[in-house]
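Below is one structure; the comments refer to it alone.
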Amino acid sequence: MTVIAQFQLILAVISFVTMVVMVFFVRTSNQQHYLTALSSFVFLGVLGYYLEMTASEISDVHIALRLEYMMNCFVPLIFVCYMMLFSKHRMDRTIRFLLCAVSLLIIISVYTSAFHRLYYRSISLERKNGVSYISIEPGPLYFVWIAWVVLSLVYYVWLIIRADKNYRGQRRFELSLCLIAGFIPWLGFFMSKFGVVKDYELGNPLTLLAEYILMYVTLRFGLFDTIKNAKEEYIRTMDEGILVINSYGTPQFHNPRLESMFPEVKDWNDVDEIGRFVTDTMENKENMNIPKDGRYYKFEKKEMRGGREPEIRGYIYKVMDVTETNEYNRQLSSLRDEALRASQVKNIFIANISHEIRAPLNSIINTSERLQDMKLPKEIGEYANNIDSASRSLMLLINDILDISKMEAGKLRINKEEYDPALMLYDSVSLEAPLARGKKLPLKVTVNPELPSLLMGYDMRISQCISNIIDNAIKYTEEGHVEISMDFERISEDRISLIISCEDTGIGISEEQIPHLFDTFSVVNSKRNKDLNTFSVSLSMSKRLITMMKGDINVSSEQGKGSTFTVRVPQTVRDQEPIGSYSQHVKKEKKKREDIRKSFTAPDARILVCDDMQVNIVVATRDMERYGCKVDSALSGQQCIEMAKQQHYDIIFVDHLMPGMDGIEVINILKSREESGDRILEGTKFIAMTGNAGGDSREYYLNSGFDDYISKPVDMNRLTQLLLRYLPQSTVRKAGE
């Protein structure tokens with residue numbers, strides 16, 4: 001018997017050393033610390049049992065019993081704490097206090113049993129064959145300890161049942177081992193106490209066995225490994241359902257979330273049921289919205305391959321409830337559609353209102369231009385200048401607003417054309433000259449004489465940006481000057497970076513305002529002059545256009561001293577010949593234009609102008625009558641069609657947007673008559689008149705059936721070019737003929 005006790009002691013020492021090593025040298029968890037404490041108390045209990053068997057006096061017996069009860073009192077507590085962590089249950093404070101209080105009471109009563117009879121009424125020692133046997137008569141506290149052990153075991157079993165429910169039976173084998181480990185020490189104890197086993201205490205060796213079982217469960221199955229537990233807890237509580245099957249179709253694992261989505265998985269009894277579920281519900285339906293019980297699910301399938309082995313070892317199916325996501329996307333789609341409809345309504349409104357404003361404004365600009373061409377008294381001439389300046393500024397603003405609307409709708413296009421950069425700058429400056437004259441501000445222009453004379457690029461849009469920048473400079477400059485310069489830098493043999501700068505001596509812009517200068521509809525206020533503020537629509541539009549042209553715009557400013565705007569736009573060179581002197585170059589080109597105007601007349605030409613505004617007809621008629629043309633007019637599309645039936649016209653100018661029948665409908669009707677053999681329209685050219693000209697206008701009108709277009713307000717140079725291009729040569733007479 002002594003040898004058996006020694007062997008138990010050796011095993012207890014080994015288990016104790018093993019757990020200490022794990023705590024200090026291996027990644028540990030709280031449960032492993034509990035196992036270390038368990039091995040410590042088991043070691044003390046086995047040591048006490050060894051001392052009990054070798055005791056020669058009653059005093060030795062008391063020492064042995066004290067050591068044994070360190071195990072008897074604390075082992076049940078450790079078992080309970082161990083399982084509490086696994087079942088994720090928090091003990092009630094009252095129960096915790098009672099367990100600890102009873103343990104402490106028993107330990108104290110055992111340690112002081114030599115002085116009272118509360119735990120042992122009597123203790124006797126008898127030695128047989130060199131082995132000591134102890135006989136005790138239990139006191140009242142001894143039965144309290146028995147009751148406390150039974151209650152601890154009941155609580156321990158309840159925790160195991162709770163853990164099994166939490167893990168949905170997926171850790172049942174490990175929990176079964178824990179249940180055995182909890183019962184066998186006390187089974188041995190009660191077998192010894194009630195005489196089933198005589199002359200040997202089974203409780204101590206079975207407690208040691210229970211310790212080894214718990215160690216095996218912990219280390220073999222990673223029952224309490226922190227990282228593994230974290231992974232399992234994440235999978236168990238994740239929002240997605242998980243199904244794991246092996247290559248034979250046998251289920252290996254599914255989490256609780258899958259059961260809540262598909263309750264039928266709880267009733268699976270064979271492989272065929274699982275196969276049908278996977279085939280019918282999941283297979284070949286990845287990333288599809290699968291409806292079930294009013295909700296929608298998506299599936300993802302992933303192959304499992306074992307280490308370096310290429311063969312498939314199983315599959316992981318992830319099931320996601322996308323009902324809320326689908327509803328959210330549906331609402332987003334609905335909101336997007338509403339926003340698009342609102343944007344379309346806004347764009348239509350802006351286009352319509354801009355046309356309604358442009359139509360009379362074009363008439364005002366044309367009329368003021370013609371007035372300035374006449375010999376008028378000085379005062380009336382100044383009035384005409386002011387009308388022209390104000391109307392052109394308003395036209396720039398309307399154009400910018402319409403362009404912003406087109407850009408936001410993704411419909412703004414810019415086309416490249418050949419142009420003379422010096423003339424483009426001259427035309428842009430000329431547009432703003434009346435505004436500068438009204439404020440008595442000198443407009444200075446400097447151009448690098450080495451600038452190539454012919455470029456290919458976005459001349460109309462560059463001119464728009466320059467006009468906007470000059471217009472802003474003049475608005476915010478009360479005294480001093482506004483200076484515009486044009487320069488270039490070589491990119492390659494046939495590529496340059498065109499540089500246009502506008503410097504003013506106006507109110508300037510603060511450093512805080514500069515970053516917001518190009519924001520759409522931002523307001524820039526001057527502290528020095530509170531009457532001056534503007535919505536920087538034109539600057540915002542210019543910034544966007546320049547970006548579309550792959551250029552950039554920069555501004556430097558000092559409040560109270562003025563600002564400088566610099567635009568850089570890449571352009572292609574079509575003629576390397578330098579312009580030379582800017583003023584001489586412009587004068588020469590202006591003379592060419594004037595010579596072209598005077599180079600011909602067309603007294604035999606018949607032209608029809610169709611416009612719903614009488615003032616536009618009057619201006620266009622007088623412009624064409626300068627060349628001797630016979631001009632008729634129509635105030636509606638229907639009238640235009642009727643007149644074209646009765647008289648052959650060489651050119652028919654038709655306004656695009658008219659009430660009732662618009663210009664495109666008119667042309668389609670006239671073209672269909674021509675195609676059906678109406679010879680009265682043979683040779684007639686159709687030219688659109690529009691106030692909505694843009695970068696893609698020519699292509700648009702050509703596709704609509706027109707031969708060309710002219711924008712409003714009508715430019716005399718453009719009108720001259722069109723007359724020379726489309727009037728029959730038989731109607732044109734050169735000057736001097």
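By order in the structure tokens, chains are A, B, ...; within a chain, residues start at 1; ligands start at 1, following the order shown.
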
Inset, instruction - May I have the residues within 9 Å of Asp321 of chain A as a ChimeraX atom specification, using only C-alpha atoms and disregarding those fewer than 3 positions away in the same chain? - result: /A:239-241,261,295-298,324-325

Got a sec: who's within 12 Å of Ser113 of chain A, counting only C-alpha atoms, leaving out chain neighbours fewer than 5 positions off, as a PDB file with N, CA and C atoms, in the first residue's frame?
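The file below, selection-v4.pdb, is the result:
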ATOM      1  N   ILE A  58      -0.863  10.331  16.459  1.00  0.00           N
ATOM      2  CA  ILE A  58      -2.078  11.097  16.124  1.00  0.00           C
ATOM      3  C   ILE A  58      -1.727  12.474  15.576  1.00  0.00           C
ATOM      4  N   SER A  59      -0.666  13.079  16.088  1.00  0.00           N
ATOM      5  CA  SER A  59      -0.259  14.400  15.589  1.00  0.00           C
ATOM      6  C   SER A  59       0.088  14.325  14.100  1.00  0.00           C
ATOM      7  N   VAL A  61      -1.269  12.269  12.072  1.00  0.00           N
ATOM      8  CA  VAL A  61      -2.557  12.103  11.387  1.00  0.00           C
ATOM      9  C   VAL A  61      -3.218  13.457  11.132  1.00  0.00           C
ATOM     10  N   HIS A  62      -3.162  14.339  12.131  1.00  0.00           N
ATOM     11  CA  HIS A  62      -3.753  15.678  11.960  1.00  0.00           C
ATOM     12  C   HIS A  62      -3.078  16.433  10.809  1.00  0.00           C
ATOM     13  N   ILE A  63      -1.776  16.332  10.725  1.00  0.00           N
ATOM     14  CA  ILE A  63      -1.055  17.003   9.613  1.00  0.00           C
ATOM     15  C   ILE A  63      -1.504  16.425   8.270  1.00  0.00           C
ATOM     16  N   LEU A  65      -4.345  14.906   7.542  1.00  0.00           N
ATOM     17  CA  LEU A  65      -5.724  15.293   7.230  1.00  0.00           C
ATOM     18  C   LEU A  65      -5.814  16.744   6.755  1.00  0.00           C
ATOM     19  N   ARG A  66      -5.013  17.604   7.364  1.00  0.00           N
ATOM     20  CA  ARG A  66      -5.021  19.007   6.923  1.00  0.00           C
ATOM     21  C   ARG A  66      -4.630  19.121   5.446  1.00  0.00           C
ATOM     22  N   LEU A 105     -14.865  27.497   6.176  1.00  0.00           N
ATOM     23  CA  LEU A 105     -15.311  26.947   7.457  1.00  0.00           C
ATOM     24  C   LEU A 105     -14.766  25.539   7.666  1.00  0.00           C
ATOM     25  N   ILE A 106     -14.805  24.716   6.612  1.00  0.00           N
ATOM     26  CA  ILE A 106     -14.336  23.327   6.730  1.00  0.00           C
ATOM     27  C   ILE A 106     -12.834  23.294   6.943  1.00  0.00           C
ATOM     28  N   ILE A 107     -12.102  24.138   6.185  1.00  0.00           N
ATOM     29  CA  ILE A 107     -10.639  24.166   6.347  1.00  0.00           C
ATOM     30  C   ILE A 107     -10.276  24.559   7.771  1.00  0.00           C
ATOM     31  N   ILE A 108     -10.945  25.557   8.291  1.00  0.00           N
ATOM     32  CA  ILE A 108     -10.642  26.018   9.659  1.00  0.00           C
ATOM     33  C   ILE A 108     -10.978  24.923  10.673  1.00  0.00           C
ATOM     34  N   LEU A 118     -16.262  19.336  16.423  1.00  0.00           N
ATOM     35  CA  LEU A 118     -17.262  19.755  15.431  1.00  0.00           C
ATOM     36  C   LEU A 118     -17.112  18.992  14.125  1.00  0.00           C
ATOM     37  N   TYR A 119     -15.883  18.650  13.760  1.00  0.00           N
ATOM     38  CA  TYR A 119     -15.680  17.945  12.497  1.00  0.00           C
ATOM     39  C   TYR A 119     -15.439  16.451  12.730  1.00  0.00           C
ATOM     40  N   TYR A 120     -14.556  16.127  13.699  1.00  0.00           N
ATOM     41  CA  TYR A 120     -14.316  14.728  14.075  1.00  0.00           C
ATOM     42  C   TYR A 120     -14.644  14.593  15.561  1.00  0.00           C
ATOM     43  N   ARG A 121     -15.555  13.687  15.860  1.00  0.00           N
ATOM     44  CA  ARG A 121     -15.823  13.421  17.279  1.00  0.00           C
ATOM     45  C   ARG A 121     -14.649  12.667  17.902  1.00  0.00           C
ATOM     46  N   SER A 122     -14.065  11.735  17.067  1.00  0.00           N
ATOM     47  CA  SER A 122     -12.889  11.007  17.576  1.00  0.00           C
ATOM     48  C   SER A 122     -12.065  10.531  16.396  1.00  0.00           C
ATOM     49  N   ILE A 123     -10.721  10.367  16.636  1.00  0.00           N
ATOM     50  CA  ILE A 123      -9.800   9.861  15.618  1.00  0.00           C
ATOM     51  C   ILE A 123      -8.928   8.799  16.288  1.00  0.00           C
ATOM     52  N   ILE A 136     -12.309   7.289  11.953  1.00  0.00           N
ATOM     53  CA  ILE A 136     -12.837   8.571  12.442  1.00  0.00           C
ATOM     54  C   ILE A 136     -14.326   8.415  12.713  1.00  0.00           C
ATOM     55  N   PRO A 138     -17.403  10.907  12.470  1.00  0.00           N
ATOM     56  CA  PRO A 138     -17.663  12.258  11.951  1.00  0.00           C
ATOM     57  C   PRO A 138     -18.508  13.097  12.889  1.00  0.00           C
ATOM     58  N   GLY A 139     -18.216  14.408  12.872  1.00  0.00           N
ATOM     59  CA  GLY A 139     -18.990  15.383  13.614  1.00  0.00           C
ATOM     60  C   GLY A 139     -19.994  16.069  12.690  1.00  0.00           C
ATOM     61  N   LEU A 141     -20.071  19.064  11.244  1.00  0.00           N
ATOM     62  CA  LEU A 141     -19.520  19.786  10.090  1.00  0.00           C
ATOM     63  C   LEU A 141     -19.078  18.842   8.982  1.00  0.00           C
ATOM     64  N   TYR A 142     -18.798  17.591   9.345  1.00  0.00           N
ATOM     65  CA  TYR A 142     -18.415  16.613   8.333  1.00  0.00           C
ATOM     66  C   TYR A 142     -19.573  16.411   7.348  1.00  0.00           C
TER      67      TYR A 142
END

Legend entry - Pairwise distance for atom CA of Glu503 of chain A and atom CA of Ile387 of chain A, rounded to one decimal in Å: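 Atom-to-atom, atom CA of Glu503 of chain A and atom CA of Ile387 of chain A are spaced 25.8 Å apart.
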
Within 9 Å of Arg392 of chain A, counting only C-alpha atoms, which residues qualify if same-chain residues fewer than 2 places away don't, as an mmCIF file with N, CA and C atoms, in the first residue's frame?
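See result.cif below for the written result:
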data_model
loop_
_atom_site.group_PDB
_atom_site.id
_atom_site.type_symbol
_atom_site.label_atom_id
_atom_site.label_comp_id
_atom_site.auth_asym_id
_atom_site.auth_seq_id
_atom_site.Cartn_x
_atom_site.Cartn_y
_atom_site.Cartn_z
ATOM 1 N N LEU A 361 -32.221 88.522 -75.538
ATOM 2 C CA LEU A 361 -30.892 89.078 -75.291
ATOM 3 C C LEU A 361 -30.065 89.114 -76.579
ATOM 4 N N ASN A 362 -30.182 88.063 -77.390
ATOM 5 C CA ASN A 362 -29.496 88.071 -78.680
ATOM 6 C C ASN A 362 -29.967 89.228 -79.546
ATOM 7 N N ILE A 365 -28.322 92.370 -78.267
ATOM 8 C CA ILE A 365 -26.911 92.459 -78.651
ATOM 9 C C ILE A 365 -26.777 92.804 -80.129
ATOM 10 N N ILE A 387 -25.499 99.368 -73.381
ATOM 11 C CA ILE A 387 -26.436 98.263 -73.629
ATOM 12 C C ILE A 387 -25.674 97.032 -74.101
ATOM 13 N N ASP A 388 -24.753 97.232 -75.018
ATOM 14 C CA ASP A 388 -23.985 96.115 -75.562
ATOM 15 C C ASP A 388 -23.138 95.450 -74.475
ATOM 16 N N SER A 389 -22.472 96.251 -73.631
ATOM 17 C CA SER A 389 -21.608 95.716 -72.577
ATOM 18 C C SER A 389 -22.405 94.908 -71.562
ATOM 19 N N ALA A 390 -23.534 95.490 -71.095
ATOM 20 C CA ALA A 390 -24.338 94.807 -70.080
ATOM 21 C C ALA A 390 -24.943 93.519 -70.630
ATOM 22 N N LEU A 394 -24.285 89.605 -69.363
ATOM 23 C CA LEU A 394 -25.385 88.726 -68.992
ATOM 24 C C LEU A 394 -25.364 87.450 -69.829
ATOM 25 N N MET A 395 -25.021 87.575 -71.104
ATOM 26 C CA MET A 395 -24.946 86.403 -71.970
ATOM 27 C C MET A 395 -23.857 85.439 -71.500
ATOM 28 N N LEU A 396 -22.706 85.990 -71.076
ATOM 29 C CA LEU A 396 -21.633 85.141 -70.545
ATOM 30 C C LEU A 396 -22.118 84.336 -69.341
ATOM 31 N N LEU A 397 -22.849 85.012 -68.441
ATOM 32 C CA LEU A 397 -23.344 84.340 -67.240
ATOM 33 C C LEU A 397 -24.334 83.231 -67.607
ATOM 34 N N LEU A 431 -15.006 91.946 -76.680
ATOM 35 C CA LEU A 431 -16.282 91.737 -76.016
ATOM 36 C C LEU A 431 -16.369 92.492 -74.700
ATOM 37 N N GLU A 432 -15.226 92.604 -74.007
ATOM 38 C CA GLU A 432 -15.215 93.240 -72.681
ATOM 39 C C GLU A 432 -14.815 94.711 -72.734
#

Inset, instruction - Per DSSP on the backbone, filter segment 74-188 of chain A down to the residues in strand (DSSP E) and report them as a PyMOL selection string. - result: chain A and resi 120-128+131-138

Grab the residues selected above and save them as a PDB file, in the first residue's frame with N, CA, C and O atoms.
ATOM      1  N   TYR A 120     -14.556  16.127  13.699  1.00  0.00           N
ATOM      2  CA  TYR A 120     -14.316  14.728  14.075  1.00  0.00           C
ATOM      3  C   TYR A 120     -14.644  14.593  15.561  1.00  0.00           C
ATOM      4  O   TYR A 120     -14.071  15.301  16.389  1.00  0.00           O
ATOM      5  N   ARG A 121     -15.555  13.687  15.860  1.00  0.00           N
ATOM      6  CA  ARG A 121     -15.823  13.421  17.279  1.00  0.00           C
ATOM      7  C   ARG A 121     -14.649  12.667  17.902  1.00  0.00           C
ATOM      8  O   ARG A 121     -14.289  12.880  19.051  1.00  0.00           O
ATOM      9  N   SER A 122     -14.065  11.735  17.067  1.00  0.00           N
ATOM     10  CA  SER A 122     -12.889  11.007  17.576  1.00  0.00           C
ATOM     11  C   SER A 122     -12.065  10.531  16.396  1.00  0.00           C
ATOM     12  O   SER A 122     -12.586  10.344  15.289  1.00  0.00           O
ATOM     13  N   ILE A 123     -10.721  10.367  16.636  1.00  0.00           N
ATOM     14  CA  ILE A 123      -9.800   9.861  15.618  1.00  0.00           C
ATOM     15  C   ILE A 123      -8.928   8.799  16.288  1.00  0.00           C
ATOM     16  O   ILE A 123      -8.361   9.030  17.369  1.00  0.00           O
ATOM     17  N   SER A 124      -8.833   7.615  15.603  1.00  0.00           N
ATOM     18  CA  SER A 124      -7.975   6.551  16.162  1.00  0.00           C
ATOM     19  C   SER A 124      -7.013   6.073  15.088  1.00  0.00           C
ATOM     20  O   SER A 124      -7.328   6.126  13.895  1.00  0.00           O
ATOM     21  N   LEU A 125      -5.836   5.627  15.570  1.00  0.00           N
ATOM     22  CA  LEU A 125      -4.779   5.192  14.648  1.00  0.00           C
ATOM     23  C   LEU A 125      -4.455   3.740  14.915  1.00  0.00           C
ATOM     24  O   LEU A 125      -4.247   3.342  16.058  1.00  0.00           O
ATOM     25  N   GLU A 126      -4.349   2.944  13.828  1.00  0.00           N
ATOM     26  CA  GLU A 126      -4.008   1.524  13.960  1.00  0.00           C
ATOM     27  C   GLU A 126      -3.053   1.159  12.832  1.00  0.00           C
ATOM     28  O   GLU A 126      -3.274   1.520  11.678  1.00  0.00           O
ATOM     29  N   ARG A 127      -1.964   0.429  13.191  1.00  0.00           N
ATOM     30  CA  ARG A 127      -0.983   0.038  12.181  1.00  0.00           C
ATOM     31  C   ARG A 127      -1.084  -1.468  11.942  1.00  0.00           C
ATOM     32  O   ARG A 127      -1.096  -2.265  12.866  1.00  0.00           O
ATOM     33  N   LYS A 128      -1.142  -1.847  10.661  1.00  0.00           N
ATOM     34  CA  LYS A 128      -1.170  -3.244  10.249  1.00  0.00           C
ATOM     35  C   LYS A 128      -0.167  -3.438   9.130  1.00  0.00           C
ATOM     36  O   LYS A 128      -0.216  -2.731   8.121  1.00  0.00           O
ATOM     37  N   VAL A 131       1.493  -0.433   7.791  1.00  0.00           N
ATOM     38  CA  VAL A 131       0.663   0.612   7.179  1.00  0.00           C
ATOM     39  C   VAL A 131      -0.302   1.123   8.229  1.00  0.00           C
ATOM     40  O   VAL A 131      -0.895   0.347   8.973  1.00  0.00           O
ATOM     41  N   SER A 132      -0.455   2.450   8.291  1.00  0.00           N
ATOM     42  CA  SER A 132      -1.343   3.082   9.271  1.00  0.00           C
ATOM     43  C   SER A 132      -2.744   3.174   8.697  1.00  0.00           C
ATOM     44  O   SER A 132      -2.941   3.548   7.526  1.00  0.00           O
ATOM     45  N   TYR A 133      -3.749   2.845   9.553  1.00  0.00           N
ATOM     46  CA  TYR A 133      -5.152   2.973   9.176  1.00  0.00           C
ATOM     47  C   TYR A 133      -5.819   3.889  10.189  1.00  0.00           C
ATOM     48  O   TYR A 133      -5.634   3.742  11.388  1.00  0.00           O
ATOM     49  N   ILE A 134      -6.610   4.815   9.708  1.00  0.00           N
ATOM     50  CA  ILE A 134      -7.259   5.798  10.575  1.00  0.00           C
ATOM     51  C   ILE A 134      -8.749   5.506  10.611  1.00  0.00           C
ATOM     52  O   ILE A 134      -9.373   5.289   9.573  1.00  0.00           O
ATOM     53  N   SER A 135      -9.281   5.566  11.788  1.00  0.00           N
ATOM     54  CA  SER A 135     -10.727   5.442  11.962  1.00  0.00           C
ATOM     55  C   SER A 135     -11.238   6.742  12.553  1.00  0.00           C
ATOM     56  O   SER A 135     -10.662   7.265  13.516  1.00  0.00           O
ATOM     57  N   ILE A 136     -12.309   7.289  11.953  1.00  0.00           N
ATOM     58  CA  ILE A 136     -12.837   8.571  12.442  1.00  0.00           C
ATOM     59  C   ILE A 136     -14.326   8.415  12.713  1.00  0.00           C
ATOM     60  O   ILE A 136     -15.021   7.618  12.074  1.00  0.00           O
ATOM     61  N   GLU A 137     -14.784   9.196  13.696  1.00  0.00           N
ATOM     62  CA  GLU A 137     -16.217   9.324  13.946  1.00  0.00           C
ATOM     63  C   GLU A 137     -16.597  10.744  13.558  1.00  0.00           C
ATOM     64  O   GLU A 137     -16.138  11.706  14.170  1.00  0.00           O
ATOM     65  N   PRO A 138     -17.403  10.907  12.470  1.00  0.00           N
ATOM     66  CA  PRO A 138     -17.663  12.258  11.951  1.00  0.00           C
ATOM     67  C   PRO A 138     -18.508  13.097  12.889  1.00  0.00           C
ATOM     68  O   PRO A 138     -19.389  12.589  13.581  1.00  0.00           O
TER      69      PRO A 138
END

Inset, instruction - Find, counting only C-alpha atoms, the residue in A:Ala605, A:Leu208, A:Ile184, A:Ile95 that gets nearest to Val732 of chain A. - result: A:Ala605

Legend entry - DSSP-assigned alpha helix (DSSP H) among segment 465-600 of chain A, expressed as a PyMOL selection string: chain A and resi 465-475+537-548+582-598

Could those residues be written to a file, using C-alpha atoms, as a PDB file, in the first residue's frame?
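Result saved to again_25.pdb:
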ATOM      1  CA  CYS A 465     -12.686  81.323 -70.243  1.00  0.00           C
ATOM      2  CA  ILE A 466     -10.658  84.415 -71.176  1.00  0.00           C
ATOM      3  CA  SER A 467     -13.827  86.516 -71.415  1.00  0.00           C
ATOM      4  CA  ASN A 468     -14.970  85.298 -67.996  1.00  0.00           C
ATOM      5  CA  ILE A 469     -11.631  86.133 -66.378  1.00  0.00           C
ATOM      6  CA  ILE A 470     -11.422  89.577 -68.003  1.00  0.00           C
ATOM      7  CA  ASP A 471     -15.045  90.281 -67.065  1.00  0.00           C
ATOM      8  CA  ASN A 472     -14.323  89.505 -63.386  1.00  0.00           C
ATOM      9  CA  ALA A 473     -11.158  91.592 -63.451  1.00  0.00           C
ATOM     10  CA  ILE A 474     -12.991  94.644 -64.803  1.00  0.00           C
ATOM     11  CA  LYS A 475     -15.878  94.238 -62.329  1.00  0.00           C
ATOM     12  CA  VAL A 537     -20.166  80.892 -61.554  1.00  0.00           C
ATOM     13  CA  SER A 538     -17.959  82.083 -64.390  1.00  0.00           C
ATOM     14  CA  LEU A 539     -14.737  81.181 -62.576  1.00  0.00           C
ATOM     15  CA  SER A 540     -16.084  77.766 -61.582  1.00  0.00           C
ATOM     16  CA  MET A 541     -17.134  77.073 -65.165  1.00  0.00           C
ATOM     17  CA  SER A 542     -13.779  78.287 -66.490  1.00  0.00           C
ATOM     18  CA  LYS A 543     -11.941  75.975 -64.093  1.00  0.00           C
ATOM     19  CA  ARG A 544     -13.999  72.994 -65.255  1.00  0.00           C
ATOM     20  CA  LEU A 545     -13.544  73.801 -68.935  1.00  0.00           C
ATOM     21  CA  ILE A 546      -9.799  74.243 -68.571  1.00  0.00           C
ATOM     22  CA  THR A 547      -9.594  70.919 -66.743  1.00  0.00           C
ATOM     23  CA  MET A 548     -11.521  69.269 -69.580  1.00  0.00           C
ATOM     24  CA  TYR A 582       0.174  91.835 -82.260  1.00  0.00           C
ATOM     25  CA  SER A 583      -1.371  95.144 -83.267  1.00  0.00           C
ATOM     26  CA  GLN A 584      -0.138  94.832 -86.860  1.00  0.00           C
ATOM     27  CA  HIS A 585      -1.308  91.222 -87.073  1.00  0.00           C
ATOM     28  CA  VAL A 586      -4.778  92.118 -85.816  1.00  0.00           C
ATOM     29  CA  LYS A 587      -5.001  95.133 -88.103  1.00  0.00           C
ATOM     30  CA  LYS A 588      -4.048  92.957 -91.097  1.00  0.00           C
ATOM     31  CA  GLU A 589      -6.590  90.262 -90.234  1.00  0.00           C
ATOM     32  CA  LYS A 590      -9.334  92.825 -89.590  1.00  0.00           C
ATOM     33  CA  LYS A 591      -8.649  94.342 -92.974  1.00  0.00           C
ATOM     34  CA  LYS A 592      -8.950  90.870 -94.535  1.00  0.00           C
ATOM     35  CA  ARG A 593     -12.350  90.482 -92.894  1.00  0.00           C
ATOM     36  CA  GLU A 594     -13.483  93.897 -94.053  1.00  0.00           C
ATOM     37  CA  ASP A 595     -12.201  93.216 -97.555  1.00  0.00           C
ATOM     38  CA  ILE A 596     -14.161  89.965 -97.641  1.00  0.00           C
ATOM     39  CA  ARG A 597     -17.329  91.842 -96.614  1.00  0.00           C
ATOM     40  CA  LYS A 598     -16.821  94.331 -99.425  1.00  0.00           C
TER      41      LYS A 598
END

Inset, instruction - Point out the residue among A:Thr505, A:Asn329, A:Ser109, A:Ser247 with the least atom-to-atom distance to Ile312 of chain A, counting only C-alpha atoms. - result: A:Ser247

Legend entry - Contacts of Met460 of chain A within 9 Å, only C-alpha atoms, excl. fewer than 3 positions in-chain, as a ChimeraX atom specification: /A:414-417,424,457,463-465,694-695

Those residues you just picked out, can you put them in a file as an mmCIF file, in the first residue's frame with C-alpha atoms?
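Here's the written file part_2.cif:
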data_model
loop_
_atom_site.group_PDB
_atom_site.id
_atom_site.type_symbol
_atom_site.label_atom_id
_atom_site.label_comp_id
_atom_site.auth_asym_id
_atom_site.auth_seq_id
_atom_site.Cartn_x
_atom_site.Cartn_y
_atom_site.Cartn_z
ATOM 1 C CA ILE A 414 -15.746 70.366 -76.669
ATOM 2 C CA ASN A 415 -14.385 70.137 -80.202
ATOM 3 C CA LYS A 416 -11.070 71.189 -81.642
ATOM 4 C CA GLU A 417 -10.783 73.620 -84.539
ATOM 5 C CA MET A 424 -9.170 84.900 -80.659
ATOM 6 C CA GLY A 457 -7.481 73.497 -80.167
ATOM 7 C CA SER A 463 -12.236 82.402 -75.568
ATOM 8 C CA GLN A 464 -15.109 81.779 -73.141
ATOM 9 C CA CYS A 465 -12.686 81.323 -70.243
ATOM 10 C CA GLY A 694 -21.808 74.459 -78.197
ATOM 11 C CA GLY A 695 -18.743 72.422 -79.024
#

Need the shell around Arg236 of chain A: protein/DNA/RNA residues with any atom at most 8 Å away, counting only C-alpha atoms. Skip same-chain ones fewer than 6 positions apart. Format as an mmCIF file with C-alpha atoms, in the first residue's frame?
data_model
loop_
_atom_site.group_PDB
_atom_site.id
_atom_site.type_symbol
_atom_site.label_atom_id
_atom_site.label_comp_id
_atom_site.auth_asym_id
_atom_site.auth_seq_id
_atom_site.Cartn_x
_atom_site.Cartn_y
_atom_site.Cartn_z
ATOM 1 C CA ASN A 255 -23.130 27.268 -36.753
ATOM 2 C CA PRO A 256 -26.305 28.399 -34.941
ATOM 3 C CA ARG A 257 -26.906 31.189 -37.465
#

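Between atom CA of Leu85 of chain A and atom CA of Val150 of chain A the interatomic distance comes to 20.6 Å.
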
Legend entry - Pairwise distance for atom CA of Gln559 of chain A and atom CA of Leu517 of chain A, rounded to one decimal in Å: 13.8 Å

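Those residues that approach segment 313-317 of chain A to within 6 Å, counting only C-alpha atoms, are A:Ile242, A:Leu243, A:Val244, A:Ile245, A:Asn246, A:Ser247, A:Glu300, A:Lys301, A:Lys302, A:Glu303, A:Met304, A:Arg305; same-chain residues fewer than 4 positions away are not listed.
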
Legend entry - Counting only C-alpha atoms, the residue of A:Leu67, A:Ala602, A:Ile514, A:Val619 that sits nearest Gln729 of chain A: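 Checking each of A:Leu67, A:Ala602, A:Ile514, A:Val619 against Gln729 of chain A, counting only C-alpha atoms, the winner is A:Ala602.
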
Inset, instruction - Please provide the set of residues having any atom within 8 Å of segment 722-728 of chain A, restricted to only C-alpha atoms, with same-chain residues fewer than 6 positions apart removed, written as a list in words. - result: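 Everything that qualifies: Ala605, Asp650, Ile651 and Lys685 of chain A.
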
Inset, instruction - Using only C-alpha atoms, find the one residue out of A:Ser405, A:Thr477, A:Thr36, A:Ser430 that sits nearest to Ser343 of chain A. - result: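 Smallest distance to Ser343 of chain A is found for A:Ser405.
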
Legend entry - Counting only C-alpha atoms, the residue of A:Ser152, A:Ser563, A:Thr218, A:Ser56 that sits nearest Val102 of chain A: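 Closest to Val102 of chain A, using only C-alpha atoms: A:Ser152.
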